[in-house]
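A.B. asks: Handing you a structure now.
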Amino acid sequence: MAAIDTLPPLRDVIATHDLSARKALGQNFLLDLNLTAKIARQAGDLTGMDVLEIGPGPGGLTRGLLAEGARKVLAVEKDARCLSALAEIAAAYPGRLEVIEGDALAINPLDSLTPPIAICANLPYNVGTELLVRWLTPPTWPPVWDTLTLMFQKEVAERIVAQPGAKAYGRLAVLAQWRCTAQIVLHLPPEAFTPPPKVSSAVVHLRALPTPKYDADPKVLERVVAAGFNQRRKMLRASLKSVAPNIEDHLTAVGIAPTERAERVSVEAFCALARSVASAT
Ligand code: SAM
């Protein structure tokens, strides 16, 4: 396959800039540029889109995103050692790559991008879920971004796309599937990374729907779902007691058996319950 750009191979970049992987920063790098281009393609057509990337590291995925035609990539990287390697990529793609040194949990760079916006990242495992929940719960919907294409450890990816009745079904699935389409688009074995992590990984693609699938107040829905799954082995009449004093009446009114457990309740039924609870307060 043809090289995606004229920059050096990533192994050379790592050697030149002395980027030995640091575990504390969740550094498991992707060094195969064909693979990073393939991940970038899972984001869809990037032509004319701004892309936010969290944790570019030595820049494998960054190069994939630029080669795939992103109008601009804004990359947030916590490790200052990576900046010189990323500057070489910026020079090869004039005016299209901006790098911010910082902690993605402490800054919100989305405001400085112009829609349409895609978010694409091989996320550091220790902050991945937290960032996803933030992107899924903006103050208003639709969000400023159109799509999220994100690498997670396989178990987290499965929690995002899980269906009712599955062990992995929980708060993350309801949050993601209420207002987005969500699917796993790529599986990666540990050997795809340097150094290989202990677990397998998967890329999840989420697309924001213009309006939620079912009507519900986000705060009430979040409260109901959090309480239900906090004690997922308990019957809903017990786990949701704190949500409303007469929770059994609400459950019955929307057709959920009070003896049911959260893991078997569909997103649609959770929304109906949230509407019933909200209408009584
Ligand atoms: N994108 C690169 C790749 O695919 O090879 C690196 C991915 S590596 C799994 C995660 C990257 O996120 C590392 O470069 C790490 O330094 C960076 N990182 C870790 N915590 C971060 C944070 N809180 N904010 C921004 N970047 C972070």
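We label chains A, B, ... in the order they appear in the structure tokens, count residues from 1 in each chain, and number ligands from 1 in the order shown.
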Counting only C-alpha atoms and all ligand atoms, name the residues that have an atom within 6 Å of an atom of ligand 1; the answer should be given as a list in words.
C.D. replies: Leu25, Gly26, Gln27, Asn28, Phe29, Leu30, Ile54, Gly55, Pro56, Gly57, Gly59, Gly60, Leu61, Val76, Glu77, Lys78, Asp79, Gly102, Asp103, Ala104, Leu105, Asn122, Leu123 and Pro124 of chain A
A.B. asks: Running DSSP on the backbone, which parts of region 78-279 of chain A land in strand (DSSP E), as JSON, numbers by chain?
C.D. replies: {"A": [97, 98, 99, 100, 101, 117, 118, 119, 120, 121, 122, 147, 148, 149, 150, 151, 152, 153, 180, 181, 182, 183, 184, 185, 186, 187, 188, 193, 194, 201, 202, 203, 204, 205, 206, 207, 208]}
A.B. asks: Using only C-alpha atoms, find each residue in region 93-203 of chain A having at least one atom no more than 8 Å away from region 43-46 of chain A; report its shortest atom-to-atom pair and that distance in Å (one decimal), rows by chain then rising number, as JSON lines.
C.D. replies:
{"residue": "A:Ala118", "atom": "CA", "partner": "A:Ala43", "partner_atom": "CA", "distance": 7.3}
{"residue": "A:Cys120", "atom": "CA", "partner": "A:Ala43", "partner_atom": "CA", "distance": 7.0}
{"residue": "A:Thr147", "atom": "CA", "partner": "A:Ala43", "partner_atom": "CA", "distance": 7.1}
{"residue": "A:Leu148", "atom": "CA", "partner": "A:Ala43", "partner_atom": "CA", "distance": 7.3}
{"residue": "A:Thr149", "atom": "CA", "partner": "A:Ala43", "partner_atom": "CA", "distance": 5.5}
A.B. asks: Save the residues we just selected, all heavy atoms, as a tab-separated table (two decimals), in the first residue's frame?
C.D. replies:
chain	number	residue	atom	x	y	z
A	118	ALA	N	-16.01	16.49	13.89
A	118	ALA	CA	-15.89	15.07	14.25
A	118	ALA	C	-14.89	14.98	15.39
A	118	ALA	O	-13.92	15.74	15.43
A	118	ALA	CB	-15.41	14.26	13.06
A	120	CYS	N	-12.31	12.27	17.06
A	120	CYS	CA	-11.71	10.97	16.74
A	120	CYS	C	-10.48	10.79	17.60
A	120	CYS	O	-9.62	11.69	17.66
A	120	CYS	CB	-11.35	10.94	15.26
A	120	CYS	SG	-10.83	9.31	14.69
A	147	THR	N	-20.07	13.46	14.98
A	147	THR	CA	-19.71	12.04	15.21
A	147	THR	C	-18.58	11.92	16.23
A	147	THR	O	-17.75	12.81	16.38
A	147	THR	CB	-19.23	11.37	13.90
A	147	THR	OG1	-18.10	12.09	13.40
A	147	THR	CG2	-20.32	11.33	12.85
A	148	LEU	N	-18.57	10.76	16.90
A	148	LEU	CA	-17.46	10.37	17.79
A	148	LEU	C	-16.93	9.04	17.26
A	148	LEU	O	-17.72	8.11	17.06
A	148	LEU	CB	-17.96	10.15	19.22
A	148	LEU	CG	-18.76	11.25	19.92
A	148	LEU	CD1	-19.25	10.74	21.29
A	148	LEU	CD2	-17.88	12.47	20.12
A	149	THR	N	-15.64	8.96	17.01
A	149	THR	CA	-15.03	7.70	16.58
A	149	THR	C	-13.89	7.44	17.55
A	149	THR	O	-12.85	8.11	17.50
A	149	THR	CB	-14.53	7.80	15.13
A	149	THR	OG1	-15.62	8.26	14.32
A	149	THR	CG2	-14.04	6.45	14.61
A.B. asks: Would you please extract all helix (DSSP H, G or I) residues from region 65-266 of chain A, as assigned by DSSP on the backbone, and give them as an mmCIF file with C-alpha atoms, in the first residue's frame?
C.D. replies:
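And here is the file that came out, part_38.cif:
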data_model
loop_
_atom_site.group_PDB
_atom_site.id
_atom_site.type_symbol
_atom_site.label_atom_id
_atom_site.label_comp_id
_atom_site.auth_asym_id
_atom_site.auth_seq_id
_atom_site.Cartn_x
_atom_site.Cartn_y
_atom_site.Cartn_z
ATOM 1 C CA LEU A 65 -6.968 12.134 9.883
ATOM 2 C CA LEU A 66 -5.035 14.710 7.848
ATOM 3 C CA ALA A 67 -4.380 12.291 4.985
ATOM 4 C CA ALA A 80 5.065 17.728 26.274
ATOM 5 C CA ARG A 81 7.617 15.236 24.887
ATOM 6 C CA CYS A 82 5.287 14.657 21.890
ATOM 7 C CA LEU A 83 5.145 18.304 20.814
ATOM 8 C CA SER A 84 8.269 18.310 18.621
ATOM 9 C CA ALA A 85 7.072 15.215 16.728
ATOM 10 C CA LEU A 86 3.658 16.830 16.233
ATOM 11 C CA ALA A 87 5.302 20.065 15.015
ATOM 12 C CA GLU A 88 6.826 18.093 12.128
ATOM 13 C CA ILE A 89 3.344 16.912 11.114
ATOM 14 C CA ALA A 90 2.015 20.478 11.360
ATOM 15 C CA ALA A 91 4.807 21.609 9.025
ATOM 16 C CA ALA A 92 3.903 18.890 6.501
ATOM 17 C CA PRO A 109 -11.427 23.026 22.975
ATOM 18 C CA LEU A 110 -14.674 22.243 21.097
ATOM 19 C CA ASP A 111 -15.676 25.928 21.235
ATOM 20 C CA SER A 112 -12.719 26.898 19.061
ATOM 21 C CA TYR A 125 -7.888 4.385 28.949
ATOM 22 C CA ASN A 126 -7.886 6.248 32.248
ATOM 23 C CA VAL A 127 -9.878 9.223 30.921
ATOM 24 C CA GLY A 128 -11.846 7.681 28.027
ATOM 25 C CA THR A 129 -15.163 7.004 29.787
ATOM 26 C CA GLU A 130 -15.155 10.383 31.545
ATOM 27 C CA LEU A 131 -14.651 12.218 28.229
ATOM 28 C CA LEU A 132 -17.338 10.157 26.497
ATOM 29 C CA VAL A 133 -19.889 10.938 29.231
ATOM 30 C CA ARG A 134 -19.072 14.658 28.931
ATOM 31 C CA TRP A 135 -19.521 14.602 25.147
ATOM 32 C CA LEU A 136 -22.811 12.724 25.536
ATOM 33 C CA LYS A 154 -13.160 -3.856 24.353
ATOM 34 C CA GLU A 155 -15.213 -4.156 27.564
ATOM 35 C CA VAL A 156 -16.007 -0.416 27.534
ATOM 36 C CA ALA A 157 -16.914 -0.521 23.827
ATOM 37 C CA GLU A 158 -19.302 -3.388 24.574
ATOM 38 C CA ARG A 159 -20.926 -1.388 27.370
ATOM 39 C CA ILE A 160 -21.658 1.464 24.927
ATOM 40 C CA VAL A 161 -23.475 -0.694 22.356
ATOM 41 C CA ARG A 171 -25.842 3.587 32.231
ATOM 42 C CA LEU A 172 -23.347 4.064 29.391
ATOM 43 C CA ALA A 173 -25.563 2.173 26.904
ATOM 44 C CA VAL A 174 -28.666 4.194 27.800
ATOM 45 C CA LEU A 175 -26.760 7.486 27.698
ATOM 46 C CA ALA A 176 -25.223 6.677 24.306
ATOM 47 C CA GLN A 177 -28.197 5.056 22.603
ATOM 48 C CA TRP A 178 -30.833 7.563 23.729
ATOM 49 C CA ARG A 179 -29.517 10.294 21.436
ATOM 50 C CA PRO A 190 -3.279 -6.072 21.935
ATOM 51 C CA GLU A 191 -0.459 -6.648 19.390
ATOM 52 C CA ALA A 192 -1.713 -3.731 17.289
ATOM 53 C CA PRO A 218 -32.028 14.632 30.531
ATOM 54 C CA LYS A 219 -31.522 15.299 34.262
ATOM 55 C CA VAL A 220 -34.474 13.135 35.346
ATOM 56 C CA LEU A 221 -33.490 10.348 32.956
ATOM 57 C CA GLU A 222 -29.909 10.461 34.224
ATOM 58 C CA ARG A 223 -31.159 10.245 37.857
ATOM 59 C CA VAL A 224 -33.449 7.294 37.135
ATOM 60 C CA VAL A 225 -30.814 5.400 35.157
ATOM 61 C CA ALA A 226 -28.006 6.080 37.662
ATOM 62 C CA ALA A 227 -30.165 4.908 40.601
ATOM 63 C CA GLY A 228 -31.364 1.835 38.684
ATOM 64 C CA PHE A 229 -27.901 0.661 37.720
ATOM 65 C CA ASN A 230 -26.169 1.636 40.966
ATOM 66 C CA LEU A 236 -36.510 -1.385 40.529
ATOM 67 C CA ARG A 237 -39.085 -0.742 43.265
ATOM 68 C CA ALA A 238 -36.154 -0.878 45.725
ATOM 69 C CA SER A 239 -33.310 0.638 43.678
ATOM 70 C CA ILE A 247 -42.012 4.838 42.377
ATOM 71 C CA GLU A 248 -44.125 1.643 42.196
ATOM 72 C CA ASP A 249 -47.038 3.689 40.810
ATOM 73 C CA HIS A 250 -44.803 5.272 38.144
ATOM 74 C CA LEU A 251 -43.355 1.895 37.165
ATOM 75 C CA THR A 252 -46.798 0.352 36.831
ATOM 76 C CA ALA A 253 -48.162 3.377 34.950
ATOM 77 C CA ALA A 262 -32.649 -2.176 35.449
ATOM 78 C CA GLU A 263 -30.598 -4.392 33.146
ATOM 79 C CA ARG A 264 -33.786 -5.596 31.391
#
A.B. asks: Nearest to Pro197 (chain A): which of A:Val185, A:Ala272, A:Ala21, A:Ile117 is it, counting only C-alpha atoms?
C.D. replies: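 Looking only at the distances to Pro197 (chain A), the closest residue turns out to be A:Ala21.
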A.B. asks: So that I can check the surroundings of Ala202 (chain A), please list as a ChimeraX atom specification every protein, DNA and RNA residue that reaches within 8 Å of it, counting only C-alpha atoms and ignoring chain neighbours fewer than 3 positions away.
C.D. replies: /A:151-154,157,184-188
A.B. asks: Save out the residues we just selected, N, CA and C atoms, as an mmCIF file, in the first residue's frame.
C.D. replies:
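Ended up saving to out_13.cif:
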data_model
loop_
_atom_site.group_PDB
_atom_site.id
_atom_site.type_symbol
_atom_site.label_atom_id
_atom_site.label_comp_id
_atom_site.auth_asym_id
_atom_site.auth_seq_id
_atom_site.Cartn_x
_atom_site.Cartn_y
_atom_site.Cartn_z
ATOM 1 N N MET A 151 -11.501 4.909 20.259
ATOM 2 C CA MET A 151 -10.952 3.609 20.655
ATOM 3 C C MET A 151 -11.098 3.458 22.172
ATOM 4 N N PHE A 152 -11.640 2.304 22.561
ATOM 5 C CA PHE A 152 -11.762 1.972 23.986
ATOM 6 C C PHE A 152 -11.244 0.568 24.202
ATOM 7 N N GLN A 153 -11.026 0.208 25.461
ATOM 8 C CA GLN A 153 -10.796 -1.199 25.698
ATOM 9 C C GLN A 153 -12.123 -1.909 25.395
ATOM 10 N N LYS A 154 -12.000 -3.153 24.913
ATOM 11 C CA LYS A 154 -13.160 -3.856 24.353
ATOM 12 C C LYS A 154 -14.361 -3.872 25.304
ATOM 13 N N ALA A 157 -16.204 -0.608 25.105
ATOM 14 C CA ALA A 157 -16.914 -0.521 23.827
ATOM 15 C C ALA A 157 -18.201 -1.344 23.880
ATOM 16 N N ILE A 184 -19.909 -0.778 17.147
ATOM 17 C CA ILE A 184 -18.484 -1.128 17.123
ATOM 18 C C ILE A 184 -18.102 -1.333 15.664
ATOM 19 N N VAL A 185 -17.077 -0.629 15.199
ATOM 20 C CA VAL A 185 -16.732 -0.700 13.774
ATOM 21 C C VAL A 185 -15.394 -1.409 13.528
ATOM 22 N N LEU A 186 -14.628 -1.626 14.583
ATOM 23 C CA LEU A 186 -13.310 -2.244 14.393
ATOM 24 C C LEU A 186 -12.862 -2.893 15.709
ATOM 25 N N HIS A 187 -12.307 -4.110 15.601
ATOM 26 C CA HIS A 187 -11.712 -4.754 16.785
ATOM 27 C C HIS A 187 -10.204 -4.779 16.607
ATOM 28 N N LEU A 188 -9.459 -4.499 17.667
ATOM 29 C CA LEU A 188 -7.990 -4.535 17.570
ATOM 30 C C LEU A 188 -7.409 -5.413 18.671
#
A.B. asks: Considering only C-alpha atoms, can you say which of A:Glu268, A:Val199, A:Pro8, A:Arg261 comes closest to Gln231 (chain A)?
C.D. replies: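 Distance minimum relative to Gln231 (chain A) lands on A:Arg261.
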A.B. asks: Under the rule that only C-alpha atoms are counted, which of A:Ala162, A:Leu33, A:Glu68, A:Gly95 is the nearest residue to Val204 (chain A)?
C.D. replies: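 Between A:Ala162, A:Leu33, A:Glu68, A:Gly95, the residue approaching Val204 (chain A) most closely is A:Ala162.
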A.B. asks: For CA of Thr36 (chain A) and CA of Asp18 (chain A), quote the distance in Å rounded to one decimal.
C.D. replies: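 Computing it gives 20.9 Å between the two atoms.
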A.B. asks: Calculated over only C-alpha atoms, which of the candidates A:Ser200, A:Asn34, A:Thr211, A:Gln183 has the smallest distance to Gln163 (chain A)?
C.D. replies: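 Between A:Ser200, A:Asn34, A:Thr211, A:Gln183, the residue approaching Gln163 (chain A) most closely is A:Gln183.
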A.B. asks: Give the answer as one residue: which of A:Ala40, A:Arg22, A:Val51, A:Tyr93 has the shortest atom-to-atom distance to Asp5 (chain A), using only C-alpha atoms?
C.D. replies: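 So, comparing all the options, the nearest one is A:Tyr93.
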A.B. asks: CA of Glu53 (chain A) and CA of Leu7 (chain A), how far apart in Å?
C.D. replies: 19.3 Å
